[in-house]
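K.L.:
Got a structure for you, written out below as structure tokens; questions coming shortly.
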Amino acid sequence: MKIRSKLLSAIFVFLFLTACESDQDRRDRFFQMGNLALEDGNHTKAVDLFNESLKIDPNFAYALNNRGVAKMEVNHPYEAILDYNQALQRQPDYLDALFNRAYAYESIGSFDKALNDVDKIMSLKPDSAFVFFYQGLVQTKTRAYDQALESFVMADSLNPLNPETIINIATVHYLKGDLKAASEIVAQGLDLNPNDPNASNLLSQIHLKNENYLASLVEINRALDAVPQEPYFLNNRGYIYLQMDSLDLALEDIDQSILLNPKNGWAYRNKGIYFLKKEDYNQAIRLLDRAAEEPDFIDEVYNYLGIAYQKSGDQGKACEAWIIGAEKNEESSIRLFNQNCEGSFTNSN
């Protein structure tokens with residue numbers, strides 16, 4: 001009987017406190033529970049709890065933003081953007097929502113919209129090194145390399161000697177084809193952080209461009225020693241093996257990269273190259289098409305796609321692929337289009 005009376009007392013206290021709880025208290029309680037679910041990785045539960053918070057206060061910008069974060073985690077970027085839009089309608093200078101919407105736009109390939117949000121963030125935080133850094137990342141994806149370089153240099157001026165910024169400056173020089181500058185700058189990054197796996201990865205890519213495959217392999221293995229399950233590093237090693245015609249080793253790394261990150265378009269490109277080398281052109285075309293669908297820039301994908309179509313006997317499709325690649329400034333696609341197709345294409349850059 002003692003236990004039962006204590007239980008009844010506890011229920012009475014709970015009901016009393018619940019009855020006394022204001023709408024704002026209930027709203028905030030669901031919001032905090034949603035945040036805990038988000039931190040625990042229970043994203044569906046987090047959405048449900050933020051929904052409860054928003055039933056009480058539909059204008060609660062913080063719950064709208066955090067519900068968007070939870071939706072991004074379950075790969076629903078368009079729904080997340082709607083939540084960020086609503087949060088920003090209620091609170092136009094909400095920096096977290098602006099950043100989150102920029103990330104969401106970037107994830108679906110809407111780079112111009114992402115950069116528009118970055119511009120808005122800059123108007124609110126004009127001296128933030130991270131904002132310039134992120135702007136440089138998005139500009140790199142659009143191949144606006146000169147603008148990206150300016151953004152990274154500005155980030156470096158606001159936060160000097162940040163190894164991550166320096167490696168990205170080197171990366172832009174690499175993408176612009178200035179391997180000498182890229183090598184010199186990545187050396188500065190290694191002076192600051194001798195064990196930086198990203199620096200080793202970039203050095204590997206520089207050696208690869210110079211067709212120094214063994215040096216490239218040494219550097220990518222150094223990066224993988226630091227981060228053994230990094231999918232992009234594994235995929236890059238797979239590409240080196242492709243260039244060395246070590247096809248079994250290449251496929252092992254590329255498949256592991258896809259397993260770790262199924263959205264890695266570069267890995268689908270490289271697996272397409274694997275099947276191209278194996279003369280399985282239908283598989284090559286399927287995988288290269290898959291890579292071309294990714295919103296991120298995937299270098300040389302149309303070059304290889306055109307080659308696969310040509311090898312399969314479809315010259316028309318090959319020329320279609322190469323003209324798309326040429327329009328995206330793929331030098332190899334420009335060359336192959338001019339050599340194999342009617343008309344000519346001149347790179348305007």
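Naming works like this for the structure tokens: A, B, ... for the chains as they're shown, residue 1 at the start of each chain, ligands 1 onward in shown order.
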Mind checking DSSP for region 115-329 of chain A and telling me the helix (DSSP H, G or I) residues as a PyMOL selection string?

P.N.:
chain A and resi 115-124+129-141+145-158+163-175+179-192+197-209+213-226+231-243+247-260+265-277+281-292+301-311+315-327

K.L.:
Counting only C-alpha atoms, what is within 12 Å of Val138 (chain A), bar same-chain residues fewer than 6 positions away, as a PDB file with N, CA and C atoms, in the first residue's frame?

P.N.:
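Generated output (around08.pdb):
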```pdb
ATOM      1  N   ALA A 102      22.375  27.336 -47.449  1.00  0.00           N
ATOM      2  CA  ALA A 102      23.472  27.320 -48.430  1.00  0.00           C
ATOM      3  C   ALA A 102      24.009  25.903 -48.609  1.00  0.00           C
ATOM      4  N   TYR A 103      24.227  25.179 -47.499  1.00  0.00           N
ATOM      5  CA  TYR A 103      24.700  23.790 -47.590  1.00  0.00           C
ATOM      6  C   TYR A 103      23.708  22.924 -48.356  1.00  0.00           C
ATOM      7  N   ALA A 104      22.406  23.141 -48.075  1.00  0.00           N
ATOM      8  CA  ALA A 104      21.384  22.337 -48.746  1.00  0.00           C
ATOM      9  C   ALA A 104      21.349  22.631 -50.239  1.00  0.00           C
ATOM     10  N   TYR A 105      21.423  23.916 -50.599  1.00  0.00           N
ATOM     11  CA  TYR A 105      21.475  24.270 -52.026  1.00  0.00           C
ATOM     12  C   TYR A 105      22.700  23.649 -52.689  1.00  0.00           C
ATOM     13  N   GLU A 106      23.834  23.697 -51.995  1.00  0.00           N
ATOM     14  CA  GLU A 106      25.056  23.109 -52.540  1.00  0.00           C
ATOM     15  C   GLU A 106      24.872  21.614 -52.776  1.00  0.00           C
ATOM     16  N   SER A 107      24.200  20.934 -51.848  1.00  0.00           N
ATOM     17  CA  SER A 107      24.050  19.481 -51.944  1.00  0.00           C
ATOM     18  C   SER A 107      23.221  19.057 -53.142  1.00  0.00           C
ATOM     19  N   GLY A 109      23.226  20.854 -55.976  1.00  0.00           N
ATOM     20  CA  GLY A 109      23.851  21.438 -57.161  1.00  0.00           C
ATOM     21  C   GLY A 109      23.383  22.835 -57.510  1.00  0.00           C
ATOM     22  N   SER A 110      22.618  23.488 -56.626  1.00  0.00           N
ATOM     23  CA  SER A 110      22.166  24.862 -56.874  1.00  0.00           C
ATOM     24  C   SER A 110      23.216  25.827 -56.317  1.00  0.00           C
ATOM     25  N   PHE A 111      24.356  25.860 -56.998  1.00  0.00           N
ATOM     26  CA  PHE A 111      25.495  26.603 -56.467  1.00  0.00           C
ATOM     27  C   PHE A 111      25.262  28.109 -56.461  1.00  0.00           C
ATOM     28  N   ASP A 112      24.546  28.625 -57.470  1.00  0.00           N
ATOM     29  CA  ASP A 112      24.270  30.065 -57.503  1.00  0.00           C
ATOM     30  C   ASP A 112      23.441  30.485 -56.291  1.00  0.00           C
ATOM     31  N   LYS A 113      22.455  29.670 -55.936  1.00  0.00           N
ATOM     32  CA  LYS A 113      21.627  29.992 -54.765  1.00  0.00           C
ATOM     33  C   LYS A 113      22.444  29.881 -53.485  1.00  0.00           C
ATOM     34  N   ALA A 114      23.334  28.898 -53.431  1.00  0.00           N
ATOM     35  CA  ALA A 114      24.206  28.769 -52.260  1.00  0.00           C
ATOM     36  C   ALA A 114      25.069  30.020 -52.111  1.00  0.00           C
ATOM     37  N   LEU A 115      25.619  30.492 -53.226  1.00  0.00           N
ATOM     38  CA  LEU A 115      26.475  31.684 -53.175  1.00  0.00           C
ATOM     39  C   LEU A 115      25.672  32.935 -52.836  1.00  0.00           C
ATOM     40  N   ASN A 116      24.412  33.000 -53.261  1.00  0.00           N
ATOM     41  CA  ASN A 116      23.560  34.128 -52.870  1.00  0.00           C
ATOM     42  C   ASN A 116      23.391  34.173 -51.352  1.00  0.00           C
ATOM     43  N   ASP A 117      23.205  32.990 -50.747  1.00  0.00           N
ATOM     44  CA  ASP A 117      23.092  32.957 -49.286  1.00  0.00           C
ATOM     45  C   ASP A 117      24.408  33.343 -48.620  1.00  0.00           C
ATOM     46  N   VAL A 118      25.522  32.940 -49.226  1.00  0.00           N
ATOM     47  CA  VAL A 118      26.829  33.339 -48.688  1.00  0.00           C
ATOM     48  C   VAL A 118      26.963  34.856 -48.722  1.00  0.00           C
ATOM     49  N   VAL A 131      33.452  32.209 -43.601  1.00  0.00           N
ATOM     50  CA  VAL A 131      32.507  32.527 -44.680  1.00  0.00           C
ATOM     51  C   VAL A 131      33.245  32.625 -46.005  1.00  0.00           C
ATOM     52  N   PHE A 132      34.395  33.295 -46.019  1.00  0.00           N
ATOM     53  CA  PHE A 132      35.188  33.376 -47.252  1.00  0.00           C
ATOM     54  C   PHE A 132      35.689  31.989 -47.659  1.00  0.00           C
ATOM     55  N   ALA A 144      34.844  28.320 -60.954  1.00  0.00           N
ATOM     56  CA  ALA A 144      35.218  29.737 -60.953  1.00  0.00           C
ATOM     57  C   ALA A 144      36.505  29.863 -60.145  1.00  0.00           C
ATOM     58  N   TYR A 145      37.592  29.372 -60.725  1.00  0.00           N
ATOM     59  CA  TYR A 145      38.824  29.189 -59.961  1.00  0.00           C
ATOM     60  C   TYR A 145      39.455  30.506 -59.529  1.00  0.00           C
ATOM     61  N   GLN A 147      37.930  33.326 -58.864  1.00  0.00           N
ATOM     62  CA  GLN A 147      37.135  33.845 -57.746  1.00  0.00           C
ATOM     63  C   GLN A 147      37.386  33.025 -56.481  1.00  0.00           C
ATOM     64  N   ALA A 148      37.474  31.703 -56.642  1.00  0.00           N
ATOM     65  CA  ALA A 148      37.735  30.839 -55.483  1.00  0.00           C
ATOM     66  C   ALA A 148      39.072  31.187 -54.843  1.00  0.00           C
ATOM     67  N   LEU A 149      40.061  31.448 -55.689  1.00  0.00           N
ATOM     68  CA  LEU A 149      41.380  31.803 -55.175  1.00  0.00           C
ATOM     69  C   LEU A 149      41.311  33.094 -54.366  1.00  0.00           C
ATOM     70  N   SER A 151      38.743  34.215 -52.744  1.00  0.00           N
ATOM     71  CA  SER A 151      38.039  33.935 -51.487  1.00  0.00           C
ATOM     72  C   SER A 151      38.960  33.255 -50.487  1.00  0.00           C
ATOM     73  N   PHE A 152      39.732  32.271 -50.947  1.00  0.00           N
ATOM     74  CA  PHE A 152      40.637  31.570 -50.035  1.00  0.00           C
ATOM     75  C   PHE A 152      41.750  32.492 -49.531  1.00  0.00           C
ATOM     76  N   ASN A 168      43.719  24.362 -49.692  1.00  0.00           N
ATOM     77  CA  ASN A 168      42.698  24.692 -50.699  1.00  0.00           C
ATOM     78  C   ASN A 168      43.222  25.702 -51.720  1.00  0.00           C
ATOM     79  N   VAL A 172      43.356  24.882 -55.769  1.00  0.00           N
ATOM     80  CA  VAL A 172      42.860  25.711 -56.875  1.00  0.00           C
ATOM     81  C   VAL A 172      43.950  25.892 -57.925  1.00  0.00           C
ATOM     82  N   PRO A 295      25.586  16.341 -58.864  1.00  0.00           N
ATOM     83  CA  PRO A 295      25.651  17.801 -58.957  1.00  0.00           C
ATOM     84  C   PRO A 295      27.070  18.345 -58.885  1.00  0.00           C
ATOM     85  N   ASP A 296      27.964  17.594 -58.232  1.00  0.00           N
ATOM     86  CA  ASP A 296      29.350  18.055 -58.120  1.00  0.00           C
ATOM     87  C   ASP A 296      30.074  17.912 -59.455  1.00  0.00           C
ATOM     88  N   PHE A 297      31.058  18.788 -59.662  1.00  0.00           N
ATOM     89  CA  PHE A 297      31.904  18.710 -60.834  1.00  0.00           C
ATOM     90  C   PHE A 297      32.753  17.443 -60.772  1.00  0.00           C
TER      91      PHE A 297
END
```

K.L.:
If you count only C-alpha atoms, which residues fall within 9 Å of Asn159 (chain A), apart from same-chain ones fewer than 3 positions away, as a ChimeraX atom specification?

P.N.:
/A:128-130,154-156,162,165

K.L.:
Mind checking which residues fall within 10 Å of Asn340 (chain A), counting only C-alpha atoms, ignoring those fewer than 2 positions away in the same chain, and posting them as an mmCIF file with N, CA and C atoms, in the first residue's frame?

P.N.:
```cif
data_model
loop_
_atom_site.group_PDB
_atom_site.id
_atom_site.type_symbol
_atom_site.label_atom_id
_atom_site.label_comp_id
_atom_site.auth_asym_id
_atom_site.auth_seq_id
_atom_site.Cartn_x
_atom_site.Cartn_y
_atom_site.Cartn_z
ATOM 1 N N GLN A 310 31.985 5.646 -78.265
ATOM 2 C CA GLN A 310 32.705 5.412 -79.518
ATOM 3 C C GLN A 310 33.136 3.951 -79.626
ATOM 4 N N GLN A 315 28.880 6.559 -82.568
ATOM 5 C CA GLN A 315 29.646 7.789 -82.732
ATOM 6 C C GLN A 315 28.820 9.030 -82.423
ATOM 7 N N ALA A 318 28.788 9.539 -78.802
ATOM 8 C CA ALA A 318 30.131 9.950 -78.391
ATOM 9 C C ALA A 318 30.303 11.447 -78.586
ATOM 10 N N CYS A 319 29.886 11.959 -79.747
ATOM 11 C CA CYS A 319 30.022 13.396 -80.016
ATOM 12 C C CYS A 319 29.154 14.222 -79.085
ATOM 13 N N TRP A 322 31.055 14.424 -75.832
ATOM 14 C CA TRP A 322 32.235 15.291 -75.917
ATOM 15 C C TRP A 322 31.868 16.767 -76.003
ATOM 16 N N ARG A 335 39.418 18.237 -77.461
ATOM 17 C CA ARG A 335 40.317 17.629 -78.438
ATOM 18 C C ARG A 335 39.625 16.489 -79.192
ATOM 19 N N LEU A 336 38.926 15.606 -78.462
ATOM 20 C CA LEU A 336 38.290 14.460 -79.101
ATOM 21 C C LEU A 336 37.111 14.876 -79.969
ATOM 22 N N PHE A 337 36.378 15.895 -79.535
ATOM 23 C CA PHE A 337 35.277 16.393 -80.369
ATOM 24 C C PHE A 337 35.819 16.941 -81.683
ATOM 25 N N ASN A 338 36.862 17.746 -81.616
ATOM 26 C CA ASN A 338 37.434 18.341 -82.830
ATOM 27 C C ASN A 338 38.052 17.284 -83.747
ATOM 28 N N GLU A 342 31.784 16.432 -86.444
ATOM 29 C CA GLU A 342 31.631 17.542 -87.380
ATOM 30 C C GLU A 342 31.649 18.870 -86.626
ATOM 31 N N GLY A 343 32.279 19.862 -87.237
ATOM 32 C CA GLY A 343 32.392 21.168 -86.600
ATOM 33 C C GLY A 343 33.635 21.230 -85.735
ATOM 34 N N SER A 344 33.793 22.351 -85.054
ATOM 35 C CA SER A 344 34.935 22.500 -84.173
ATOM 36 C C SER A 344 34.517 23.302 -82.965
#
```
